[in-house]
Amino acid sequence: MTTLALKVTPNADGFGAEIRSVDLSRPLPPGVLHDVKAAFAAHGVVWFPDQPLTHDQLEAFTLQLGAFGWDPYVKPMEDRPHILEVRRDADETASVFGGTWHSDWSFQETPPAITILHAKIVPPVGGDTLYADGVRAWEALSPTFQAMIAPLRSVHSAAGPYGSKGFYAQEKGRTGMTILPSVEAEKAYTHPLVRTHPVTGRKALFVNPVYTVGIEGMTEAEGKALLAFLFKHMTDERFVYRHRWAANMLTMWDNRCCLHNATGGYDGHTRVMHRTTVAGDAPRP
Ligand code: OGA
Ligand code: MN
């Protein structure tokens with residue numbers, strides 16, 4: 001069933017789309033929810049301007065898409081175990097949270113399918129989020145290279161950022177968010193390097209420079225060289241969409257087929273986002 005109500009405006013290349021004429025504060029009628037899911041499957045990143053939401057409404061919208069994901073290493077909001085506040089205060093000098101290309105929690109056995117970010121305070125300059133389309137990045141590779149990498153598995157770990165000696169454990173000067181480094185983060189999981197999307201059936205590259213640390217069966221030097229090529233290729237400007245926020249905008253992205261990267265450039269201004277995740281499946285080739 002389709003409704004005429006939803007207004008979907010995709011970017012020219014089809015990666016990313018704006019959705020209007022829907023009210024996310026109330027349960028979506030089945031036809032509207034169906035259309036939102038279809039637009040999301042088609043465009044990978046979708047955003048809904050002008051959606052003021054309470055915490056309850058943000059949680060209820062999230063649950064219409066699936067169960068909550070598991071969000072370790074960042075202290076959630078008080079009394080809201082499933083909402084993280086992604087916050088950087090005006091006087092803060094710490095690094096930008098999420099400020100390197102990644103797919104959320106890709107080190108988990110079943111990484112979150114979807115991340116939802118709801119903008120509360122948007123700085124007047126900077127603070128855009130970049131998105132990179134892992135589907136077109138895969139499709140742009142030569143058949144020879146595709147055949148070579150398709151059977152590979154890559155190793156993912158959260159040790160770099162969240163390990164007991166990781167980046168956040170060393171970092172000083174963070175005020176807006178409480179990061180909880182842990183030895184637990186030093187575990188590793190392997191995932192297919194190329195994964196097939198459970199909804200669309202399309203293949204996408206599934207590696208990222210924050211959590212992917214090697215290639216199964218390769219030496220460290222071999223794995224690093226292959227990954228360096230893939231990271232550069234995936235984040236080539238052909239595949240990247242730069243997202244500009246406005247207060248009360250809700251954006252959701254598909255961690256199964258795209259990368260994202262938070263940009264800075266707003267020192268002296270506060271930026272606040274509320275974030276939920278939707279659980280996903282174990283990646284399959
Ligand atoms: C995240 C993230 C990007 C941003 O919340 O997972 O990467 O622009 N955020 O805040
Ligand atoms: Mn992220």
# chains A, B, ... in the order shown; residues from 1 in each chain; ligands from 1
$ select_by_dssp --residues "segment 38-212 of chain A" --states "alpha helix (DSSP H)" --output "MDAnalysis selection string"
chainID A and resid 38:43 55:63 134:139 143:149 159:162 167:170
$ residues_near_ligand --ligand "ligand 2" --cutoff "7 Å" --atoms "only C-alpha atoms and all ligand atoms" --output "JSON, numbers by chain"
{"A": [98, 102, 103, 104, 260, 261]}
$ residues_near_ligand --ligand "ligand 1" --cutoff "7 Å" --atoms "only C-alpha atoms and all ligand atoms" --output "number ranges by chain"
A: 86, 97-99, 104, 115, 117, 127-129, 260-263, 273, 275
$ closest_residue --among "A:Ile19, A:Phe61, A:Pro123, A:Ile83" --to "Gly265 of chain A" --atoms "only C-alpha atoms"
A:Pro123
$ atom_distance --atom1 "atom CA of Tyr241 of chain A" --atom2 "atom CA of Thr9 of chain A"
14.2 Å
$ closest_residue --among "A:Phe145, A:Val210, A:Phe40, A:Leu180" --to "Asp71 of chain A" --atoms "only C-alpha atoms"
A:Leu180
$ closest_atom_pairs --of "segment 44-131 of chain A" --to "segment 169-178 of chain A" --cutoff "10 Å" --atoms "only C-alpha atoms" --output "Markdown table"
| residue | atom | partner | partner_atom | distance |
| --- | --- | --- | --- | --- |
| A:Tyr73 | CA | A:Thr178 | CA | 8.5 |
| A:Val74 | CA | A:Thr178 | CA | 6.0 |
| A:Lys75 | CA | A:Thr178 | CA | 5.5 |
| A:Pro76 | CA | A:Thr178 | CA | 8.5 |
| A:Met77 | CA | A:Met177 | CA | 9.7 |
| A:Leu84 | CA | A:Met177 | CA | 8.9 |
| A:Glu85 | CA | A:Met177 | CA | 7.2 |
| A:Val86 | CA | A:Met177 | CA | 6.8 |
| A:Arg87 | CA | A:Gly176 | CA | 5.1 |
| A:Arg88 | CA | A:Gly176 | CA | 5.1 |
| A:Asp89 | CA | A:Gly176 | CA | 5.8 |
| A:Ala90 | CA | A:Gly176 | CA | 9.5 |
| A:Asp91 | CA | A:Thr175 | CA | 8.9 |
| A:Glu92 | CA | A:Arg174 | CA | 6.6 |
| A:Thr93 | CA | A:Gly173 | CA | 6.1 |
| A:Ala94 | CA | A:Arg174 | CA | 5.0 |
| A:Ser95 | CA | A:Arg174 | CA | 7.9 |
| A:Val96 | CA | A:Arg174 | CA | 9.6 |
| A:Phe97 | CA | A:Met177 | CA | 8.8 |
$ closest_residue --among "A:Ala42, A:Ala5, A:Ala67, A:Ala282" --to "Arg202 of chain A" --atoms "only C-alpha atoms"
A:Ala42
$ residues_around --residues "Val46 of chain A" --least-positions-apart "4" --cutoff "10 Å" --atoms "only C-alpha atoms" --output "list in words"
Val8, Thr9, Pro10, Phe15, Gly16, Ala17, Glu18, Ile19, Val36, Lys37, Ala39, Phe40, Ala41, Ala42, Ile116, Leu250, Thr251, Met252, Trp253 and Asp254 of chain A
$ write_last_selection --atoms "all heavy atoms" --output "short mmCIF file (atom, residue, chain, number, x, y, z; two decimals), in the first residue's frame"
data_model
loop_
_atom_site.label_atom_id
_atom_site.label_comp_id
_atom_site.auth_asym_id
_atom_site.auth_seq_id
_atom_site.Cartn_x
_atom_site.Cartn_y
_atom_site.Cartn_z
N VAL A 8 8.96 12.73 -0.91
CA VAL A 8 10.36 12.27 -0.88
C VAL A 8 11.13 13.01 -1.97
O VAL A 8 10.77 12.95 -3.14
CB VAL A 8 10.45 10.75 -1.12
CG1 VAL A 8 11.90 10.27 -1.06
CG2 VAL A 8 9.60 9.99 -0.11
N THR A 9 12.20 13.72 -1.56
CA THR A 9 13.02 14.45 -2.53
C THR A 9 14.45 13.94 -2.46
O THR A 9 15.21 14.33 -1.59
CB THR A 9 13.00 15.97 -2.23
OG1 THR A 9 11.64 16.38 -2.05
CG2 THR A 9 13.63 16.76 -3.36
N PRO A 10 14.81 13.02 -3.38
CA PRO A 10 16.18 12.46 -3.34
C PRO A 10 17.22 13.44 -3.86
O PRO A 10 16.90 14.33 -4.67
CB PRO A 10 16.10 11.25 -4.28
CG PRO A 10 14.66 11.07 -4.64
CD PRO A 10 14.00 12.41 -4.42
N PHE A 15 21.58 9.07 -3.66
CA PHE A 15 22.06 8.74 -2.30
C PHE A 15 21.64 9.87 -1.36
O PHE A 15 22.14 10.97 -1.45
CB PHE A 15 23.58 8.57 -2.33
CG PHE A 15 24.19 8.25 -0.98
CD1 PHE A 15 23.76 7.14 -0.26
CD2 PHE A 15 25.19 9.04 -0.44
CE1 PHE A 15 24.33 6.84 0.98
CE2 PHE A 15 25.76 8.74 0.79
CZ PHE A 15 25.32 7.64 1.50
N GLY A 16 20.70 9.57 -0.44
CA GLY A 16 20.18 10.58 0.47
C GLY A 16 18.89 11.17 -0.06
O GLY A 16 18.76 11.41 -1.26
N ALA A 17 17.90 11.35 0.83
CA ALA A 17 16.63 11.95 0.41
C ALA A 17 15.99 12.67 1.59
O ALA A 17 16.07 12.21 2.74
CB ALA A 17 15.68 10.88 -0.12
N GLU A 18 15.35 13.77 1.28
CA GLU A 18 14.57 14.50 2.29
C GLU A 18 13.13 14.00 2.25
O GLU A 18 12.59 13.75 1.18
CB GLU A 18 14.61 15.99 1.96
CG GLU A 18 13.78 16.83 2.91
CD GLU A 18 13.99 18.31 2.65
OE1 GLU A 18 15.00 18.86 3.13
OE2 GLU A 18 13.16 18.91 1.95
N ILE A 19 12.54 13.86 3.43
CA ILE A 19 11.14 13.41 3.49
C ILE A 19 10.32 14.45 4.26
O ILE A 19 10.65 14.80 5.39
CB ILE A 19 11.02 12.02 4.15
CG1 ILE A 19 11.90 11.01 3.43
CG2 ILE A 19 9.56 11.58 4.14
CD1 ILE A 19 11.78 9.58 3.96
N VAL A 36 8.06 5.06 4.27
CA VAL A 36 9.30 5.55 4.90
C VAL A 36 10.39 4.49 4.77
O VAL A 36 11.52 4.78 4.38
CB VAL A 36 9.06 5.91 6.38
CG1 VAL A 36 10.37 6.09 7.13
CG2 VAL A 36 8.22 7.18 6.49
N LYS A 37 10.04 3.23 5.04
CA LYS A 37 11.02 2.14 4.93
C LYS A 37 11.49 1.98 3.48
O LYS A 37 12.67 1.71 3.23
CB LYS A 37 10.41 0.82 5.42
CG LYS A 37 10.27 0.75 6.93
CD LYS A 37 9.67 -0.61 7.32
CE LYS A 37 9.52 -0.73 8.82
NZ LYS A 37 8.80 -1.97 9.19
N ALA A 39 11.61 4.35 1.15
CA ALA A 39 12.49 5.48 0.80
C ALA A 39 13.86 5.27 1.44
O ALA A 39 14.90 5.55 0.83
CB ALA A 39 11.86 6.79 1.27
N PHE A 40 13.87 4.77 2.66
CA PHE A 40 15.13 4.52 3.37
C PHE A 40 15.95 3.45 2.64
O PHE A 40 17.15 3.59 2.44
CB PHE A 40 14.81 4.09 4.80
CG PHE A 40 16.02 3.89 5.66
CD1 PHE A 40 16.88 4.96 5.92
CD2 PHE A 40 16.29 2.66 6.22
CE1 PHE A 40 18.00 4.78 6.73
CE2 PHE A 40 17.41 2.48 7.02
CZ PHE A 40 18.26 3.53 7.27
N ALA A 41 15.28 2.39 2.21
CA ALA A 41 15.98 1.32 1.48
C ALA A 41 16.54 1.86 0.17
O ALA A 41 17.65 1.50 -0.24
CB ALA A 41 15.03 0.16 1.21
N ALA A 42 15.81 2.74 -0.47
CA ALA A 42 16.25 3.25 -1.78
C ALA A 42 17.38 4.26 -1.65
O ALA A 42 18.22 4.35 -2.55
CB ALA A 42 15.06 3.90 -2.50
N ILE A 116 19.64 6.72 14.35
CA ILE A 116 18.73 7.87 14.23
C ILE A 116 19.32 9.00 15.06
O ILE A 116 19.69 8.81 16.22
CB ILE A 116 17.34 7.47 14.77
CG1 ILE A 116 16.73 6.40 13.87
CG2 ILE A 116 16.44 8.70 14.89
CD1 ILE A 116 15.46 5.78 14.42
N LEU A 250 15.26 15.26 12.04
CA LEU A 250 15.62 13.87 12.37
C LEU A 250 16.22 13.23 11.12
O LEU A 250 15.63 13.30 10.04
CB LEU A 250 14.40 13.09 12.84
CG LEU A 250 14.69 11.62 13.23
CD1 LEU A 250 13.83 11.21 14.44
CD2 LEU A 250 14.45 10.66 12.08
N THR A 251 17.40 12.64 11.29
CA THR A 251 18.08 11.96 10.18
C THR A 251 18.32 10.52 10.58
O THR A 251 18.66 10.24 11.73
CB THR A 251 19.41 12.67 9.87
OG1 THR A 251 19.13 14.01 9.51
CG2 THR A 251 20.16 11.98 8.73
N MET A 252 18.09 9.60 9.66
CA MET A 252 18.43 8.20 9.94
C MET A 252 19.26 7.64 8.79
O MET A 252 19.06 7.99 7.64
CB MET A 252 17.19 7.36 10.20
CG MET A 252 16.14 7.36 9.12
SD MET A 252 14.62 6.60 9.75
CE MET A 252 14.57 5.12 8.73
N TRP A 253 20.27 6.85 9.16
CA TRP A 253 21.15 6.28 8.13
C TRP A 253 21.30 4.80 8.34
O TRP A 253 21.10 4.26 9.42
CB TRP A 253 22.50 6.99 8.12
CG TRP A 253 23.33 6.87 9.35
CD1 TRP A 253 24.16 5.84 9.68
CD2 TRP A 253 23.46 7.84 10.40
NE1 TRP A 253 24.80 6.11 10.87
CE2 TRP A 253 24.38 7.32 11.34
CE3 TRP A 253 22.88 9.09 10.65
CZ2 TRP A 253 24.73 8.01 12.49
CZ3 TRP A 253 23.24 9.78 11.80
CH2 TRP A 253 24.15 9.24 12.71
N ASP A 254 21.69 4.15 7.24
CA ASP A 254 21.78 2.70 7.19
C ASP A 254 23.25 2.28 7.36
O ASP A 254 24.04 2.43 6.43
CB ASP A 254 21.22 2.22 5.85
CG ASP A 254 20.93 0.73 5.86
OD1 ASP A 254 21.70 -0.01 6.50
OD2 ASP A 254 19.95 0.31 5.20
#
$ residues_around --residues "His156 of chain A" --least-positions-apart "4" --cutoff "6 Å" --atoms "only C-alpha atoms" --output "list in words"
Phe107, Ala188, Tyr189, Thr190, Tyr211, Thr212 and Val213 of chain A
$ closest_residue --among "A:His118, A:His233, A:Arg80, A:His191" --to "Ala247 of chain A" --atoms "only C-alpha atoms"
A:His118
$ closest_residue --among "A:Thr200, A:Ser157, A:Thr219, A:Gln57" --to "Pro111 of chain A" --atoms "only C-alpha atoms"
A:Ser157
$ closest_residue --among "A:Leu230, A:Leu33, A:Leu6, A:Ala113" --to "Ser21 of chain A" --atoms "only C-alpha atoms"
A:Leu6
$ atom_distance --atom1 "atom CA of Ser25 of chain A" --atom2 "atom CA of Val278 of chain A"
17.6 Å
$ select_by_dssp --residues "segment 122-256 of chain A" --states "strand (DSSP E or B)" --output "number ranges by chain"
A: 129-133, 153-157, 179, 188-192, 194-196, 203-205, 212-215, 240-243, 250-254
$ decode --residues "segment 151-196 of chain A" --atoms "N, CA and C atoms" --output "PDB file, in the first residue's frame"
ATOM      1  N   PRO A 151      35.452 -12.720  -1.409  1.00  0.00           N
ATOM      2  CA  PRO A 151      35.444 -13.793  -0.397  1.00  0.00           C
ATOM      3  C   PRO A 151      36.086 -13.404   0.942  1.00  0.00           C
ATOM      4  N   LEU A 152      36.661 -12.211   1.046  1.00  0.00           N
ATOM      5  CA  LEU A 152      37.459 -11.873   2.234  1.00  0.00           C
ATOM      6  C   LEU A 152      36.599 -11.538   3.450  1.00  0.00           C
ATOM      7  N   ARG A 153      37.219 -11.768   4.615  1.00  0.00           N
ATOM      8  CA  ARG A 153      36.605 -11.326   5.876  1.00  0.00           C
ATOM      9  C   ARG A 153      37.554 -10.336   6.530  1.00  0.00           C
ATOM     10  N   SER A 154      36.979  -9.326   7.166  1.00  0.00           N
ATOM     11  CA  SER A 154      37.825  -8.326   7.815  1.00  0.00           C
ATOM     12  C   SER A 154      37.626  -8.401   9.327  1.00  0.00           C
ATOM     13  N   VAL A 155      38.599  -7.895  10.043  1.00  0.00           N
ATOM     14  CA  VAL A 155      38.603  -7.952  11.511  1.00  0.00           C
ATOM     15  C   VAL A 155      38.213  -6.575  12.052  1.00  0.00           C
ATOM     16  N   HIS A 156      37.219  -6.573  12.945  1.00  0.00           N
ATOM     17  CA  HIS A 156      36.733  -5.313  13.537  1.00  0.00           C
ATOM     18  C   HIS A 156      36.973  -5.332  15.045  1.00  0.00           C
ATOM     19  N   SER A 157      37.366  -4.185  15.584  1.00  0.00           N
ATOM     20  CA  SER A 157      37.572  -4.059  17.030  1.00  0.00           C
ATOM     21  C   SER A 157      37.364  -2.607  17.447  1.00  0.00           C
ATOM     22  N   ALA A 158      36.881  -2.434  18.681  1.00  0.00           N
ATOM     23  CA  ALA A 158      36.678  -1.078  19.211  1.00  0.00           C
ATOM     24  C   ALA A 158      37.874  -0.612  20.033  1.00  0.00           C
ATOM     25  N   ALA A 159      38.966  -1.412  20.037  1.00  0.00           N
ATOM     26  CA  ALA A 159      40.106  -1.102  20.914  1.00  0.00           C
ATOM     27  C   ALA A 159      40.684   0.292  20.637  1.00  0.00           C
ATOM     28  N   GLY A 160      40.780   0.668  19.372  1.00  0.00           N
ATOM     29  CA  GLY A 160      41.396   1.957  19.014  1.00  0.00           C
ATOM     30  C   GLY A 160      40.741   3.130  19.726  1.00  0.00           C
ATOM     31  N   PRO A 161      39.430   3.311  19.559  1.00  0.00           N
ATOM     32  CA  PRO A 161      38.781   4.393  20.305  1.00  0.00           C
ATOM     33  C   PRO A 161      38.462   4.057  21.767  1.00  0.00           C
ATOM     34  N   TYR A 162      37.924   2.846  22.049  1.00  0.00           N
ATOM     35  CA  TYR A 162      37.289   2.606  23.353  1.00  0.00           C
ATOM     36  C   TYR A 162      38.042   1.648  24.270  1.00  0.00           C
ATOM     37  N   GLY A 163      39.189   1.116  23.828  1.00  0.00           N
ATOM     38  CA  GLY A 163      39.958   0.210  24.679  1.00  0.00           C
ATOM     39  C   GLY A 163      40.500   0.925  25.913  1.00  0.00           C
ATOM     40  N   SER A 164      41.006   0.130  26.865  1.00  0.00           N
ATOM     41  CA  SER A 164      41.460   0.738  28.129  1.00  0.00           C
ATOM     42  C   SER A 164      42.655   1.673  27.903  1.00  0.00           C
ATOM     43  N   LYS A 165      43.381   1.455  26.791  1.00  0.00           N
ATOM     44  CA  LYS A 165      44.476   2.384  26.453  1.00  0.00           C
ATOM     45  C   LYS A 165      44.164   3.127  25.162  1.00  0.00           C
ATOM     46  N   GLY A 166      42.895   3.139  24.798  1.00  0.00           N
ATOM     47  CA  GLY A 166      42.498   3.721  23.520  1.00  0.00           C
ATOM     48  C   GLY A 166      42.437   5.241  23.531  1.00  0.00           C
ATOM     49  N   PHE A 167      41.982   5.767  22.400  1.00  0.00           N
ATOM     50  CA  PHE A 167      41.964   7.215  22.188  1.00  0.00           C
ATOM     51  C   PHE A 167      41.211   7.958  23.293  1.00  0.00           C
ATOM     52  N   TYR A 168      39.999   7.501  23.618  1.00  0.00           N
ATOM     53  CA  TYR A 168      39.193   8.245  24.592  1.00  0.00           C
ATOM     54  C   TYR A 168      39.723   8.108  26.011  1.00  0.00           C
ATOM     55  N   ALA A 169      40.399   6.969  26.287  1.00  0.00           N
ATOM     56  CA  ALA A 169      40.978   6.799  27.619  1.00  0.00           C
ATOM     57  C   ALA A 169      42.097   7.824  27.853  1.00  0.00           C
ATOM     58  N   GLN A 170      42.748   8.243  26.781  1.00  0.00           N
ATOM     59  CA  GLN A 170      43.867   9.199  26.891  1.00  0.00           C
ATOM     60  C   GLN A 170      43.387  10.645  26.830  1.00  0.00           C
ATOM     61  N   GLU A 171      42.225  10.840  26.194  1.00  0.00           N
ATOM     62  CA  GLU A 171      41.824  12.208  25.862  1.00  0.00           C
ATOM     63  C   GLU A 171      41.402  13.006  27.094  1.00  0.00           C
ATOM     64  N   LYS A 172      41.798  14.263  27.110  1.00  0.00           N
ATOM     65  CA  LYS A 172      41.401  15.174  28.193  1.00  0.00           C
ATOM     66  C   LYS A 172      40.474  16.253  27.614  1.00  0.00           C
ATOM     67  N   GLY A 173      39.719  16.878  28.485  1.00  0.00           N
ATOM     68  CA  GLY A 173      38.993  18.084  28.071  1.00  0.00           C
ATOM     69  C   GLY A 173      37.618  17.833  27.503  1.00  0.00           C
ATOM     70  N   ARG A 174      37.102  16.588  27.642  1.00  0.00           N
ATOM     71  CA  ARG A 174      35.749  16.340  27.155  1.00  0.00           C
ATOM     72  C   ARG A 174      34.764  16.654  28.278  1.00  0.00           C
ATOM     73  N   THR A 175      33.763  17.454  27.985  1.00  0.00           N
ATOM     74  CA  THR A 175      32.786  17.829  29.019  1.00  0.00           C
ATOM     75  C   THR A 175      31.372  17.396  28.663  1.00  0.00           C
ATOM     76  N   GLY A 176      31.032  17.431  27.396  1.00  0.00           N
ATOM     77  CA  GLY A 176      29.637  17.224  26.994  1.00  0.00           C
ATOM     78  C   GLY A 176      29.174  15.777  27.064  1.00  0.00           C
ATOM     79  N   MET A 177      30.095  14.819  26.923  1.00  0.00           N
ATOM     80  CA  MET A 177      29.720  13.403  26.888  1.00  0.00           C
ATOM     81  C   MET A 177      30.642  12.621  27.806  1.00  0.00           C
ATOM     82  N   THR A 178      30.113  11.555  28.385  1.00  0.00           N
ATOM     83  CA  THR A 178      30.952  10.688  29.212  1.00  0.00           C
ATOM     84  C   THR A 178      31.224   9.401  28.451  1.00  0.00           C
ATOM     85  N   ILE A 179      32.478   9.208  28.070  1.00  0.00           N
ATOM     86  CA  ILE A 179      32.888   8.001  27.348  1.00  0.00           C
ATOM     87  C   ILE A 179      33.422   7.011  28.381  1.00  0.00           C
ATOM     88  N   LEU A 180      33.080   5.736  28.200  1.00  0.00           N
ATOM     89  CA  LEU A 180      33.418   4.708  29.192  1.00  0.00           C
ATOM     90  C   LEU A 180      34.334   3.656  28.569  1.00  0.00           C
ATOM     91  N   PRO A 181      35.645   3.930  28.485  1.00  0.00           N
ATOM     92  CA  PRO A 181      36.563   2.953  27.897  1.00  0.00           C
ATOM     93  C   PRO A 181      36.552   1.659  28.701  1.00  0.00           C
ATOM     94  N   SER A 182      36.885   0.536  28.025  1.00  0.00           N
ATOM     95  CA  SER A 182      36.766  -0.770  28.680  1.00  0.00           C
ATOM     96  C   SER A 182      37.663  -1.807  28.012  1.00  0.00           C
ATOM     97  N   VAL A 183      38.111  -2.785  28.805  1.00  0.00           N
ATOM     98  CA  VAL A 183      38.881  -3.887  28.210  1.00  0.00           C
ATOM     99  C   VAL A 183      38.001  -4.712  27.265  1.00  0.00           C
ATOM    100  N   GLU A 184      36.718  -4.717  27.525  1.00  0.00           N
ATOM    101  CA  GLU A 184      35.722  -5.379  26.670  1.00  0.00           C
ATOM    102  C   GLU A 184      35.890  -4.952  25.191  1.00  0.00           C
ATOM    103  N   ALA A 185      36.294  -3.702  25.002  1.00  0.00           N
ATOM    104  CA  ALA A 185      36.443  -3.155  23.642  1.00  0.00           C
ATOM    105  C   ALA A 185      37.586  -3.796  22.883  1.00  0.00           C
ATOM    106  N   GLU A 186      38.442  -4.526  23.583  1.00  0.00           N
ATOM    107  CA  GLU A 186      39.609  -5.104  22.920  1.00  0.00           C
ATOM    108  C   GLU A 186      39.297  -6.423  22.197  1.00  0.00           C
ATOM    109  N   LYS A 187      38.076  -6.912  22.336  1.00  0.00           N
ATOM    110  CA  LYS A 187      37.631  -8.106  21.597  1.00  0.00           C
ATOM    111  C   LYS A 187      37.555  -7.799  20.098  1.00  0.00           C
ATOM    112  N   ALA A 188      37.676  -8.843  19.281  1.00  0.00           N
ATOM    113  CA  ALA A 188      37.557  -8.626  17.837  1.00  0.00           C
ATOM    114  C   ALA A 188      36.536  -9.583  17.230  1.00  0.00           C
ATOM    115  N   TYR A 189      35.851  -9.122  16.197  1.00  0.00           N
ATOM    116  CA  TYR A 189      34.939  -9.961  15.414  1.00  0.00           C
ATOM    117  C   TYR A 189      35.320  -9.861  13.957  1.00  0.00           C
ATOM    118  N   THR A 190      35.083 -10.925  13.212  1.00  0.00           N
ATOM    119  CA  THR A 190      35.292 -10.803  11.769  1.00  0.00           C
ATOM    120  C   THR A 190      33.931 -10.709  11.083  1.00  0.00           C
ATOM    121  N   HIS A 191      33.909  -9.936  10.008  1.00  0.00           N
ATOM    122  CA  HIS A 191      32.699  -9.774   9.194  1.00  0.00           C
ATOM    123  C   HIS A 191      33.085  -9.906   7.728  1.00  0.00           C
ATOM    124  N   PRO A 192      32.126 -10.279   6.874  1.00  0.00           N
ATOM    125  CA  PRO A 192      32.440 -10.250   5.438  1.00  0.00           C
ATOM    126  C   PRO A 192      32.837  -8.835   5.017  1.00  0.00           C
ATOM    127  N   LEU A 193      33.824  -8.748   4.167  1.00  0.00           N
ATOM    128  CA  LEU A 193      34.304  -7.437   3.716  1.00  0.00           C
ATOM    129  C   LEU A 193      33.272  -6.786   2.793  1.00  0.00           C
ATOM    130  N   VAL A 194      32.548  -7.623   2.069  1.00  0.00           N
ATOM    131  CA  VAL A 194      31.460  -7.150   1.223  1.00  0.00           C
ATOM    132  C   VAL A 194      30.191  -7.783   1.766  1.00  0.00           C
ATOM    133  N   ARG A 195      29.205  -6.989   2.141  1.00  0.00           N
ATOM    134  CA  ARG A 195      28.002  -7.597   2.714  1.00  0.00           C
ATOM    135  C   ARG A 195      26.789  -7.359   1.825  1.00  0.00           C
ATOM    136  N   THR A 196      25.878  -8.295   1.884  1.00  0.00           N
ATOM    137  CA  THR A 196      24.640  -8.182   1.111  1.00  0.00           C
ATOM    138  C   THR A 196      23.558  -7.637   2.032  1.00  0.00           C
TER     139      THR A 196
END
